[in-house]
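Enquirer: My structure is stored as run09.txt, with compact mmCIF, C-alpha atoms.
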```txt
# COMPACT_ATOMS: atom_id res chain seq x y z
CA MET A 2 61.52 126.73 59.26
CA CYS A 3 65.14 126.65 58.20
CA ASN A 4 66.52 123.81 56.27
CA ASN A 5 69.95 124.62 55.08
CA GLU A 6 73.61 124.31 55.78
CA LYS A 7 73.96 127.82 57.24
CA ASP A 8 71.32 127.22 59.91
CA PHE A 9 72.73 123.79 60.59
CA GLU A 10 76.23 125.15 61.06
CA ARG A 11 74.93 127.84 63.43
CA LEU A 12 73.04 125.25 65.44
CA VAL A 13 76.06 122.95 65.63
CA ARG A 14 78.36 125.76 66.72
CA GLN A 15 75.90 126.76 69.44
CA GLN A 16 75.62 123.22 70.71
CA THR A 17 79.23 122.04 70.31
CA SER A 18 79.99 121.99 74.03
CA THR A 19 76.82 119.99 74.72
CA VAL A 20 77.61 117.44 72.00
CA TYR A 21 81.25 117.02 72.98
CA SER A 22 80.44 116.76 76.70
CA VAL A 23 78.08 113.89 75.93
CA CYS A 24 80.76 112.23 73.76
CA TYR A 25 83.35 112.60 76.49
CA MET A 26 81.08 111.01 79.07
CA PHE A 27 80.39 108.01 76.85
CA ALA A 28 83.87 107.53 75.39
CA GLU A 29 86.69 105.41 76.74
CA ASP A 30 89.43 107.34 74.97
CA LYS A 31 90.18 110.27 72.69
CA VAL A 32 89.65 108.38 69.42
CA GLU A 33 86.27 107.12 70.55
CA ALA A 34 85.23 110.62 71.71
CA ASP A 35 86.17 112.15 68.35
CA ASP A 36 84.48 109.35 66.39
CA LEU A 37 81.31 109.75 68.42
CA PHE A 38 81.42 113.51 67.89
CA GLN A 39 81.56 113.07 64.11
CA GLU A 40 78.90 110.37 64.14
CA ILE A 41 76.58 112.69 66.09
CA LEU A 42 77.19 115.56 63.65
CA ILE A 43 76.29 113.27 60.75
CA ASN A 44 73.15 112.07 62.51
CA LEU A 45 72.18 115.66 63.33
CA TRP A 46 72.65 116.61 59.68
CA ARG A 47 70.59 113.64 58.54
CA GLY A 48 67.76 114.60 60.87
CA PHE A 49 68.00 118.35 60.36
CA GLU A 50 65.67 118.39 57.34
CA LYS A 51 62.90 116.90 59.45
CA PHE A 52 63.54 119.05 62.50
CA ARG A 53 60.63 121.49 62.72
CA TYR A 54 61.62 123.45 65.84
CA GLU A 55 58.65 121.96 67.69
CA SER A 56 60.98 121.28 70.59
CA ARG A 57 63.93 123.38 71.73
CA PRO A 58 67.01 122.88 69.52
CA SER A 59 69.06 121.92 72.59
CA THR A 60 66.52 119.22 73.49
CA TRP A 61 66.70 117.80 69.97
CA VAL A 62 70.51 117.92 69.94
CA TYR A 63 70.60 116.12 73.29
CA ARG A 64 68.19 113.47 72.05
CA VAL A 65 70.22 112.76 68.91
CA SER A 66 73.53 112.83 70.82
CA LEU A 67 72.37 110.49 73.56
CA ASN A 68 70.67 108.11 71.14
CA THR A 69 73.85 107.93 69.06
CA CYS A 70 76.03 107.27 72.10
CA ILE A 71 73.67 104.72 73.67
CA SER A 72 73.28 102.87 70.39
CA TYR A 73 77.07 102.96 69.92
CA LYS A 74 77.59 101.44 73.34
CA ARG A 75 75.07 98.75 72.47
CA LYS A 76 76.59 97.92 69.12
CA ARG A 77 80.19 98.94 69.87
CA LYS A 78 80.47 100.02 66.27
CA ILE A 79 80.48 103.29 64.37
CA SER A 80 78.33 102.89 61.27
CA THR A 81 79.99 105.64 59.26
CA SER A 82 83.62 105.70 58.23
CA PRO A 83 85.60 108.23 60.27
CA LEU A 84 86.03 111.64 58.73
CA GLU A 85 89.57 112.80 58.28
CA CYS A 86 89.68 116.44 59.11
CA ALA A 87 92.82 118.47 59.27
CA GLY A 88 92.88 121.43 61.58
CA ILE A 89 90.26 120.12 63.96
CA GLU A 90 91.19 120.36 67.59
CA SER A 91 90.32 117.67 70.06
CA ALA A 92 89.19 118.85 73.45
CA TYR A 93 89.82 115.44 74.99
CA ASP A 94 93.38 115.97 76.22
CA GLU A 95 92.58 119.29 77.80
CA ILE A 96 89.51 117.88 79.54
CA GLU A 97 91.64 115.01 80.82
CA ARG A 98 94.05 117.51 82.37
CA SER A 99 91.21 119.06 84.37
CA PRO A 100 90.86 117.13 87.67
CA GLN A 101 87.25 118.29 88.07
CA SER A 102 86.13 116.93 84.69
CA LYS A 103 88.14 113.75 85.07
CA LEU A 104 86.51 113.07 88.41
CA LEU A 105 83.06 113.53 86.93
CA HIS A 106 83.97 111.23 84.03
CA GLN A 107 85.25 108.55 86.41
CA ARG A 108 82.03 108.63 88.40
CA ILE A 109 79.65 108.72 85.47
CA ARG A 110 81.35 105.97 83.50
CA LEU A 111 80.51 103.56 86.33
CA LEU A 112 76.87 103.82 85.29
CA GLU A 113 75.00 102.02 82.52
CA PRO A 114 74.66 104.04 79.28
CA PHE A 115 70.97 104.81 79.83
CA ASP A 116 71.64 106.00 83.39
CA ARG A 117 74.55 108.07 82.13
CA ALA A 118 72.18 109.85 79.76
CA ILE A 119 69.75 110.64 82.57
CA VAL A 120 72.52 111.95 84.83
CA LEU A 121 73.89 114.18 82.08
CA LEU A 122 70.49 115.74 81.52
CA TRP A 123 70.02 116.15 85.24
CA LEU A 124 73.38 117.91 85.49
CA GLU A 125 72.18 120.29 82.80
CA ASP A 126 69.48 121.42 85.24
CA MET A 127 66.74 120.06 83.05
CA SER A 128 63.33 119.47 84.57
CA TYR A 129 62.04 115.93 85.04
CA GLU A 130 59.54 116.63 82.25
CA GLU A 131 62.33 117.56 79.84
CA ILE A 132 64.45 114.58 80.83
CA GLY A 133 61.44 112.31 80.39
CA ALA A 134 60.70 113.78 76.96
CA ILE A 135 64.26 113.15 75.80
CA VAL A 136 64.76 109.63 77.14
CA GLY A 137 61.16 108.49 76.77
CA LEU A 138 60.22 108.02 80.42
CA SER A 139 57.37 109.39 82.53
CA VAL A 140 58.12 112.13 85.05
CA LYS A 141 57.59 109.67 87.89
CA ALA A 142 59.92 107.11 86.33
CA VAL A 143 62.61 109.76 85.89
CA GLY A 144 62.37 110.64 89.61
CA VAL A 145 62.61 107.01 90.67
CA ARG A 146 65.48 106.33 88.32
CA LEU A 147 67.42 109.38 89.50
CA MET A 148 66.98 108.34 93.11
CA ARG A 149 68.38 104.90 92.29
CA ILE A 150 71.27 106.44 90.35
CA ARG A 151 72.17 108.68 93.29
CA GLU A 152 72.16 105.66 95.60
CA LYS A 153 74.28 103.74 93.13
CA LEU A 154 76.81 106.56 92.81
CA LYS A 155 77.05 106.78 96.59
CA LYS A 156 77.68 103.04 96.89
CA LEU A 157 80.24 103.04 94.11
CA GLN A 158 82.29 105.81 95.68
CA MET B 18 72.80 115.83 107.32
CA GLU B 19 72.50 113.21 104.57
CA GLU B 20 70.30 115.56 102.59
CA TYR B 21 72.98 118.22 102.96
CA ASN B 22 75.63 115.80 101.72
CA ASN B 23 73.46 114.87 98.74
CA LYS B 24 72.98 118.53 97.88
CA ALA B 25 76.69 119.29 98.18
CA GLU B 26 77.46 116.26 96.03
CA LEU B 27 74.99 117.39 93.40
CA ASP B 28 76.39 120.92 93.41
CA LEU B 29 79.89 119.53 93.04
CA MET B 30 78.89 117.41 90.05
CA LYS B 31 77.17 120.37 88.43
CA GLU B 32 80.27 122.46 88.99
CA GLN B 33 82.37 119.71 87.35
CA MET B 34 79.99 119.67 84.40
CA ARG B 35 80.23 123.47 84.00
CA GLU B 36 84.03 123.19 84.05
CA LEU B 37 83.89 120.51 81.35
CA LYS B 38 81.66 122.63 79.11
CA ARG B 39 83.86 125.67 79.67
CA ILE B 40 86.90 123.74 78.37
CA VAL B 41 85.01 122.44 75.35
CA ALA B 42 83.58 125.88 74.54
CA GLY B 43 87.13 127.23 74.25
CA LYS B 44 88.03 124.75 71.52
CA ASP B 45 87.44 125.07 67.79
CA LEU B 46 85.84 121.69 67.19
CA VAL B 47 83.82 122.56 64.11
CA ASN B 48 85.45 124.00 61.02
CA ASN B 49 84.43 124.50 57.42
CA GLU B 50 86.08 121.27 56.29
CA LEU B 51 84.25 119.15 58.84
CA MET B 52 80.95 120.77 57.90
CA ARG B 53 81.55 120.00 54.20
CA GLN B 54 82.33 116.37 55.02
CA VAL B 55 79.19 116.04 57.06
CA ILE B 56 77.15 117.54 54.22
CA SER B 57 78.74 115.22 51.65
CA TYR B 58 77.15 112.31 53.50
CA LYS B 59 73.84 113.45 52.03
CA ALA B 60 75.09 112.40 48.60
CA GLN B 61 76.45 109.08 49.88
CA TRP B 62 73.46 107.16 48.56
CA ILE B 63 74.43 108.11 44.97
CA ARG B 64 77.84 106.45 45.41
CA ARG B 65 76.17 103.38 46.95
CA TYR B 66 73.69 103.25 44.09
CA ASN B 67 76.59 103.26 41.62
CA LYS B 68 78.14 100.23 43.31
CA VAL B 69 74.83 98.35 43.53
CA GLN B 70 74.16 99.08 39.87
CA LEU B 71 77.57 97.86 38.73
CA PHE B 72 77.99 94.84 40.94
CA VAL B 73 74.41 93.64 41.53
CA LEU B 74 71.91 94.98 38.99
CA LEU B 75 74.07 94.67 35.89
CA PRO B 76 75.15 91.03 36.46
CA PHE B 77 71.52 90.24 37.41
CA ILE B 78 70.27 91.64 34.09
CA TYR B 79 72.96 89.75 32.12
CA ILE B 80 71.98 86.45 33.75
CA VAL B 81 68.19 86.93 33.60
CA PHE B 82 68.24 87.84 29.91
CA LEU B 83 70.64 85.03 29.13
CA LEU B 84 68.18 82.59 30.72
CA LEU B 85 65.24 84.22 28.90
CA THR B 86 67.11 84.01 25.61
CA TYR B 87 67.63 80.27 26.11
CA ARG B 88 64.17 79.47 27.49
CA GLN B 89 62.04 81.71 25.25
CA ASN B 90 64.19 81.47 22.17
CA LEU B 91 64.83 85.20 21.98
CA SER B 92 67.32 86.34 19.38
CA TRP B 93 70.98 86.75 20.30
CA GLY B 94 70.91 90.15 18.67
CA PHE B 95 68.35 91.24 21.23
CA TYR B 96 70.41 89.79 24.10
CA TRP B 97 73.60 91.59 23.06
CA ALA B 98 71.68 94.81 22.43
CA THR B 99 70.28 94.55 25.98
CA VAL B 100 73.74 93.93 27.40
CA PHE B 101 75.15 96.85 25.43
CA PHE B 102 72.32 99.21 26.39
CA THR B 103 72.38 98.40 30.12
CA THR B 104 76.19 98.50 30.29
CA CYS B 105 76.31 101.89 28.56
CA SER B 106 73.66 103.21 30.91
CA ALA B 107 75.51 101.95 34.02
CA VAL B 108 78.90 103.20 32.83
CA PHE B 109 77.42 106.60 32.03
CA ASP B 110 75.81 106.68 35.51
CA VAL B 111 79.16 105.95 37.13
CA TYR B 112 80.82 108.62 34.97
CA ILE B 113 78.19 111.22 35.90
CA ASN B 114 78.27 110.42 39.61
CA ARG B 115 82.01 109.92 39.91
CA MET B 116 82.47 112.68 42.53
CA SER B 117 84.07 111.30 45.69
CA ASP B 118 84.01 112.35 49.35
CA LYS B 119 87.42 113.89 48.81
CA ASP B 120 86.14 116.06 45.94
CA TYR B 121 83.43 117.43 48.22
CA THR B 122 85.97 118.52 50.80
CA SER B 123 88.98 119.49 48.72
CA MET B 124 87.51 121.20 45.65
CA PRO B 125 87.19 124.98 45.68
CA LEU B 126 83.55 125.90 46.33
CA PHE B 127 82.98 127.45 42.90
CA ASP B 128 84.45 124.40 41.11
CA LEU B 129 82.36 122.09 43.25
CA MET B 130 79.19 124.01 42.41
CA THR B 131 80.06 124.02 38.69
CA ALA B 132 80.71 120.26 38.81
CA LEU B 133 77.38 119.62 40.49
CA VAL B 134 75.49 121.77 37.97
CA LYS B 135 77.29 119.97 35.11
CA ARG B 136 76.37 116.66 36.68
CA GLN B 137 72.70 117.64 36.77
CA LYS B 138 72.85 118.69 33.09
CA MET B 139 74.46 115.39 32.09
CA ARG B 140 71.81 113.49 34.01
CA ARG B 141 69.08 115.36 32.11
CA ILE B 142 70.78 114.49 28.80
CA GLN B 143 71.07 110.85 29.85
CA PHE B 144 67.39 110.81 30.75
CA ALA B 145 66.40 112.46 27.45
CA ILE B 146 68.34 109.81 25.50
CA GLY B 147 67.40 106.98 27.84
CA ILE B 148 63.61 107.31 27.61
CA PRO B 149 63.35 106.89 23.78
CA ALA B 150 65.99 104.15 23.97
CA VAL B 151 63.95 102.30 26.61
CA ALA B 152 60.81 102.74 24.47
CA LEU B 153 62.61 101.27 21.43
CA TRP B 154 64.03 98.43 23.52
CA CYS B 155 60.54 97.66 24.92
CA LEU B 156 59.14 97.59 21.39
CA TRP B 157 61.88 95.20 20.28
CA TYR B 158 61.30 93.05 23.34
CA ALA B 159 57.55 92.96 22.65
CA MET B 160 58.28 91.88 19.10
CA GLU B 161 60.65 89.18 20.31
CA LEU B 162 58.05 87.91 22.77
CA ASN B 163 55.33 88.07 20.15
CA THR B 164 57.09 85.36 18.22
CA VAL B 165 57.06 83.28 21.38
CA GLU B 166 53.28 83.73 21.67
CA ASN B 167 53.27 83.87 25.40
CA GLU B 168 50.68 86.35 26.60
CA SER B 169 51.53 86.19 30.29
CA LEU B 170 55.18 86.86 29.54
CA ILE B 171 54.24 89.92 27.46
CA THR B 172 52.02 91.23 30.26
CA GLY B 173 54.83 90.65 32.75
CA ALA B 174 57.29 92.43 30.50
CA VAL B 175 55.00 95.46 30.09
CA ILE B 176 54.45 95.69 33.86
CA GLY B 177 58.19 95.24 34.47
CA ALA B 178 59.10 97.94 31.96
CA ALA B 179 56.59 100.41 33.43
CA PHE B 180 57.87 99.64 36.93
CA GLY B 181 61.47 100.07 35.78
CA VAL B 182 60.75 103.44 34.18
CA CYS B 183 59.02 104.64 37.39
CA ILE B 184 61.95 103.57 39.57
CA GLY B 185 64.41 105.10 37.10
CA TYR B 186 62.53 108.39 37.18
CA ARG B 187 62.41 108.41 40.99
CA ILE B 188 66.17 107.82 41.23
CA PHE B 189 66.77 110.54 38.64
CA ALA B 190 64.54 113.01 40.51
CA LYS B 191 66.11 112.18 43.89
CA ALA B 192 69.64 112.59 42.53
CA GLN B 193 68.71 115.95 41.00
CA ARG B 194 67.15 117.07 44.29
CA THR B 195 70.27 116.02 46.25
CA ASP B 196 72.48 118.05 43.92
CA ASP B 197 70.05 120.99 43.98
CA ALA B 198 70.32 121.06 47.77
CA ALA B 199 74.12 120.85 47.65
CA VAL B 200 74.33 123.67 45.05
CA SER B 201 72.05 125.86 47.17
CA ASP B 202 74.14 125.12 50.30
CA ILE B 203 77.36 126.01 48.46
CA ARG B 204 75.82 129.26 47.13
CA LYS B 205 74.96 130.23 50.71
CA MET B 206 78.47 129.36 51.90
CA MET B 207 79.92 131.50 49.11
CA ASP B 208 77.54 134.40 49.86
CA GLU B 209 78.55 134.26 53.49
CA ARG B 210 82.23 134.44 52.52
CA ASP B 211 81.65 137.45 50.24
```
Would you give me this structure, written as structure tokens?
Expert:
Amino acid sequence: MCNNEKDFERLVRQQTSTVYSVCYMFAEDKVEADDLFQEILINLWRGFEKFRYESRPSTWVYRVSLNTCISYKRKRKISTSPLECAGIESAYDEIERSPQSKLLHQRIRLLEPFDRAIVLLWLEDMSYEEIGAIVGLSVKAVGVRLMRIREKLKKLQ
Amino acid sequence: MEEYNNKAELDLMKEQMRELKRIVAGKDLVNNELMRQVISYKAQWIRRYNKVQLFVLLPFIYIVFLLLTYRQNLSWGFYWATVFFTTCSAVFDVYINRMSDKDYTSMPLFDLMTALVKRQKMRRIQFAIGIPAVALWCLWYAMELNTVENESLITGAVIGAAFGVCIGYRIFAKAQRTDDAAVSDIRKMMDERD
């Protein structure tokens, strides 16, 4: 379908809050959140040529974002050099000032990266089928995993 | 009761998530400069190729042909011509592809587009000069090897030359495509501005 910068920019602008929310949940601090955000944008751009709109754009963006964050947590390394952009705001400080968001961050960061991804999708009101399609699990496995995560969150409180 | 607690907990978490997304949505996280930087990553392979060519391929060619000159008794004229030809080609490549990440983000869009179009033109000129030069070099090489009377070496050289030309053409075509895409993206950005 579309394969150019204009469409890409539109898609990114539509999905910015999704991408940054994922970064925030996986990051330990502001620098890490911003680095992850840029890394995800680069990965989205790299994959955009091959994206055929067979799945919903939000599903694809989630998949790329979560894969980038999970692989970052595994490797603890950003493969691309950080972009130096003047005039870009960081939402991190403002999120940190919100007690609601901070509380959610504190709870979710107790989980393993893969479980974090599942919880984030679940909080987006996605169906088990959609979650399964993004993280590569069967519907049944998603249900079981979510049940375990809920138990874990309860115990960790 | 426990089910109720679970539900309330879930609702609370979802509310927290909505709050988080509301904050992020109010921020300008993506601007034109960031988008240009992200796009410039597409051309990153050209800069990598430049480095590989200068620091790996070129020294490799110098050493291999030096060894061949000693072992197969090739003429020194041929060796220095090879060194000269490959060095010129590599230096010209670096000159053509000298655009940096910073140029992509700081140059005015029209200048950037003009530079990319110029780069494509120079690459075409380089290719037009390079192909006859490679043909002449191959001929000279065949003549040098002919005096050695080593059939397998001649066959190897012919296969190697054909392979090299194919790879060269593929790199040329890919570089042109990358710049074509960038020029088309910039045109769209400029149209949008107008």
Enquirer: Could you list the residues in chain B lying within 7 Å of chain A, using all atoms listed in the file, and format the result as a PyMOL selection string?
Expert: chain B and resi 30-31+33-34+36-38+40-42+44-48+50-51+55+202
Enquirer: Output the selection as a compact mmCIF listing (two decimals), keeping the file's coordinate frame - C-alpha atoms for each residue.
Expert:
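Okay, this is what ended up in again_7.txt:
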```txt
# COMPACT_ATOMS: atom_id res chain seq x y z
CA MET B 30 78.89 117.41 90.05
CA LYS B 31 77.17 120.37 88.43
CA GLN B 33 82.37 119.71 87.35
CA MET B 34 79.99 119.67 84.40
CA GLU B 36 84.03 123.19 84.05
CA LEU B 37 83.89 120.51 81.35
CA LYS B 38 81.66 122.63 79.11
CA ILE B 40 86.90 123.74 78.37
CA VAL B 41 85.01 122.44 75.35
CA ALA B 42 83.58 125.88 74.54
CA LYS B 44 88.03 124.75 71.52
CA ASP B 45 87.44 125.07 67.79
CA LEU B 46 85.84 121.69 67.19
CA VAL B 47 83.82 122.56 64.11
CA ASN B 48 85.45 124.00 61.02
CA GLU B 50 86.08 121.27 56.29
CA LEU B 51 84.25 119.15 58.84
CA VAL B 55 79.19 116.04 57.06
CA ASP B 202 74.14 125.12 50.30
```
Enquirer: Can you tell me how far CA of Leu133 (chain B) sits from CA of Arg65 (chain B), in Å to one decimal?
Expert: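 Distance reported for this atom pair: 17.5 Å.
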Enquirer: As AutoDock Vina command-line options, please report the centre and edge lengths, rounded to one decimal in Å, of the axis-aligned box that holds all listed atoms of region 178-185 of chain B with 4 Å of padding on each of the six sides.
Expert:
```
--center_x 60.5 --center_y 101.5 --center_z 35.8 --size_x 15.8 --size_y 15.2 --size_z 15.6
```
Enquirer: For region 97-112 of chain B, work out the shell of residues within 9 Å, counting all atoms listed in the file and skipping chain neighbours fewer than 6 positions away, then give it as a list in words.
Expert: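 Counting only the stated atoms, we get Arg64, Asn67, Lys68, Gln70, Leu71, Leu75, Ile78, Tyr79, Phe82, Arg140, Gln143, Gly147, Ala150, Val151 and Trp154 of chain B.
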Enquirer: So what do you get for CA of Leu67 (chain A) versus CA of Leu112 (chain A), distance-wise?
Expert: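 CA of Leu112 (chain A) lies at a distance of 14.2 Å from CA of Leu67 (chain A).
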Enquirer: Looking at all atoms listed in the file, which of A:Tyr63, A:Lys153, A:Cys24, A:Asp94 is the one that sits closest to Ile132 (chain A)?
Expert: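 For Ile132 (chain A), the nearest of the given residues is A:Tyr63.
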Enquirer: In Å, how far is it from CA of Ile119 (chain A) to CA of Val136 (chain A)?
Expert: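 Separation between CA of Ile119 (chain A) and CA of Val136 (chain A): 7.4 Å.
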Enquirer: Counting all atoms listed in the file, figure out which residue out of B:Tyr87, B:Trp93, B:Phe144, B:Tyr58 gets nearest to Ile188 (chain B).
Expert: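 Distance minimum relative to Ile188 (chain B) lands on B:Phe144.
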